[in-house]
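Student: Quick one: the structure is below, questions incoming.
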Number of protein chains: 2
Amino acid sequence: MEIRAVLAQNLKKCRQLRGLSQEELAHRADIDRTYISSLERCVYAASIEVVDQLARALDMEASDLLQRTPADEPGVCEET
Amino acid sequence: MEIRAVLAQNLKKCRQLRGLSQEELAHRADIDRTYISSLERCVYAASIEVVDQLARALDMEASDLLQRTPADEPGVCEET
DNA sequence: CGCAATTGTAGAGAATACTCCGTGGAGAAA
DNA sequence: TTTCTCCACGGAGTATTCTCTACAATTGCG
């Protein structure tokens with residue numbers, strides 16, 4: 001799986017789990033809304049600074065957003 | 001700690017632990033040597049694609065290279 | 001010291017991330 | 001239908017990453 005897709009998947013999942021719209025997240029992370037939309041569609045390879053901003057807005061670690069989830073394990077956003 | 005510094009620190013440590021020079025790593029990751037030098041000095045905020053290439057060249061996960069190390073815990077490269 | 005390997009650094013240019021504008025579509029509710 | 005929210009998507013412009021070339025500084029080793 002491409003690293004872009006890993007980020008896209010984790011980003012979308014964690015955002016939705018927190019009940020945030022792309023626009024709300026954009027505001028909290030101080031990032032353009034359409035850009036977040038692009039990231040969730042794998043259009044760009046984000047810089048680690050953007051990943052860090054998004055992670056902080058989601059109250060998690062940057063490394064968590066890049067975590068590849070083995071098929072039979074829970075994702076980074078789920079509770080145990 | 002800035003996310004650039006986290007990457008810089010982990011990158012340098014893991015590279016040295018594997019006995020690789022910047023040039024050898026550059027070749028294995030198919031990335032310019034001077035750019036790796038820059039990353040270890042926090043000059044740029046790498047894209048997640050570069051982080052992934054470096055991680056694969058170091059036989060580890062991209063998320064590991066962005067892991068912040070709590071002061072009293074071992075780094076991502078150390079054995080237990 | 002002399003030599004070799006490694007790393008720092010500068011500068012120019014290509015490539016790509018990122019912002020900002022706007023438009024339109026899908027779904028839900030009045 | 002109309003309205004509202006959310007999201008996909010395009011284009012143009014700016015900012016930054018990333019490559020390449022070349023040379024200087026450093027480190028370690030005989």
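In the structure tokens, the first chain shown is A, the next is B, and so on; residue numbers restart at 1 for each chain, and ligands run from 1 in the order shown.
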Can you tell me which residues surround Ala57 (chain B) at a distance of at most 10 Å, considering only C-alpha atoms (C1' of nucleotides), apart from same-chain residues fewer than 6 positions away, and format the answer as a count of residues only?
Tutor: 9
Student: Could you make a table, as a Markdown table, of the residues of chain D that have an atom within 9 Å of an atom of chain B, each with its nearest atom pair and distance in Å to one decimal, counting only C-alpha atoms (C1' of nucleotides), in chain and number order?
Tutor:
```
| residue | atom | partner | partner_atom | distance |
| --- | --- | --- | --- | --- |
| D:DT16 | C1' | B:Tyr44 | CA | 8.5 |
| D:DT17 | C1' | B:Ala46 | CA | 7.1 |
| D:DC18 | C1' | B:Tyr35 | CA | 7.2 |
| D:DT19 | C1' | B:Asp32 | CA | 6.6 |
| D:DC20 | C1' | B:Asp32 | CA | 8.5 |
```
Student: Might you pull out every residue within 6 Å of region 1-10 of chain A, with only C-alpha atoms (C1' of nucleotides) counted and same-chain residues fewer than 5 positions away left off, and present them as a list in words?
Tutor: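 In the requested format, the answer is Leu39, Glu40, Cys42, Ala45, Leu65 and Leu66 of chain A.
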Student: Quick one: write out the picked residues with N, CA, C and O atoms as a compact mmCIF listing (two decimals), in the first residue's frame?
Tutor:
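File produced: selection.txt:
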```
# COMPACT_ATOMS: atom_id res chain seq x y z
N LEU A 39 -5.66 15.33 0.16
CA LEU A 39 -4.88 14.33 0.88
C LEU A 39 -5.68 13.05 1.08
O LEU A 39 -5.16 11.95 0.95
N GLU A 40 -6.96 13.21 1.38
CA GLU A 40 -7.80 12.02 1.58
C GLU A 40 -8.05 11.29 0.27
O GLU A 40 -8.55 10.17 0.27
N CYS A 42 -5.47 11.01 -1.96
CA CYS A 42 -4.13 10.59 -2.39
C CYS A 42 -3.57 11.42 -3.54
O CYS A 42 -2.76 10.92 -4.33
N ALA A 45 1.65 13.98 -1.86
CA ALA A 45 2.44 13.37 -0.79
C ALA A 45 2.76 14.47 0.20
O ALA A 45 3.67 15.27 -0.01
N LEU A 65 -0.44 8.60 12.24
CA LEU A 65 -1.11 8.84 10.96
C LEU A 65 -0.44 8.10 9.80
O LEU A 65 -1.02 7.95 8.74
N LEU A 66 0.78 7.63 10.02
CA LEU A 66 1.49 6.90 8.96
C LEU A 66 1.57 5.41 9.25
O LEU A 66 2.24 4.66 8.54
```
Student: For C1' of DC6 (chain D) and CA of Ser37 (chain A), determine how far apart the two atoms are, in Å to one decimal place.
Tutor: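 Between C1' of DC6 (chain D) and CA of Ser37 (chain A) the gap works out to 11.1 Å.
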Student: Find the nearest atom pair between each residue of chain C and chain B for residues within 8 Å, count only C-alpha atoms (C1' of nucleotides), give distances in Å to one decimal, sort rows by chain and ascending number, and present the table as CSV.
Tutor:
```
residue,atom,partner,partner_atom,distance
C:DT6,C1',B:Ser21,CA,7.2
C:DT7,C1',B:Ser37,CA,7.4
C:DG8,C1',B:Ser37,CA,7.7
```
Student: Please produce an output containing N, CA and C atoms (P, O5', C5', C4', C3', O3' and C1' of nucleotides) for each residue in the selection, written as a PDB file, in the first residue's frame.
Tutor:
```pdb
ATOM      1  P    DT C   6      32.853   6.013   3.073  1.00  0.00           P
ATOM      2  O5'  DT C   6      32.345   7.293   3.857  1.00  0.00           O
ATOM      3  C5'  DT C   6      32.810   7.538   5.175  1.00  0.00           C
ATOM      4  C4'  DT C   6      32.449   8.936   5.596  1.00  0.00           C
ATOM      5  C3'  DT C   6      31.023   9.376   5.234  1.00  0.00           C
ATOM      6  O3'  DT C   6      30.296   9.567   6.430  1.00  0.00           O
ATOM      7  C1'  DT C   6      32.611  11.084   4.807  1.00  0.00           C
ATOM      8  P    DT C   7      28.747   9.929   6.396  1.00  0.00           P
ATOM      9  O5'  DT C   7      28.777  11.533   6.456  1.00  0.00           O
ATOM     10  C5'  DT C   7      29.444  12.177   7.535  1.00  0.00           C
ATOM     11  C4'  DT C   7      29.547  13.670   7.278  1.00  0.00           C
ATOM     12  C3'  DT C   7      28.217  14.385   6.967  1.00  0.00           C
ATOM     13  O3'  DT C   7      28.018  15.401   7.928  1.00  0.00           O
ATOM     14  C1'  DT C   7      29.908  15.050   5.469  1.00  0.00           C
ATOM     15  P    DG C   8      26.736  16.363   7.847  1.00  0.00           P
ATOM     16  O5'  DG C   8      27.329  17.738   7.296  1.00  0.00           O
ATOM     17  C5'  DG C   8      28.365  18.372   8.036  1.00  0.00           C
ATOM     18  C4'  DG C   8      28.713  19.723   7.428  1.00  0.00           C
ATOM     19  C3'  DG C   8      27.530  20.644   7.162  1.00  0.00           C
ATOM     20  O3'  DG C   8      27.910  21.991   7.446  1.00  0.00           O
ATOM     21  C1'  DG C   8      28.654  20.202   5.129  1.00  0.00           C
TER      22       DG C   8
END
```
Student: One decimal, Å: what's the distance from CA of Ala55 (chain A) over to CA of Lys12 (chain A), could you say?
Tutor: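 Straight-line distance from CA of Ala55 (chain A) to CA of Lys12 (chain A) works out to 11.9 Å.
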Student: So how far away is CA of Arg56 (chain B) from CA of Val43 (chain B), in Å?
Tutor: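 According to the coordinates, CA of Val43 (chain B) and CA of Arg56 (chain B) are separated by 21.8 Å.
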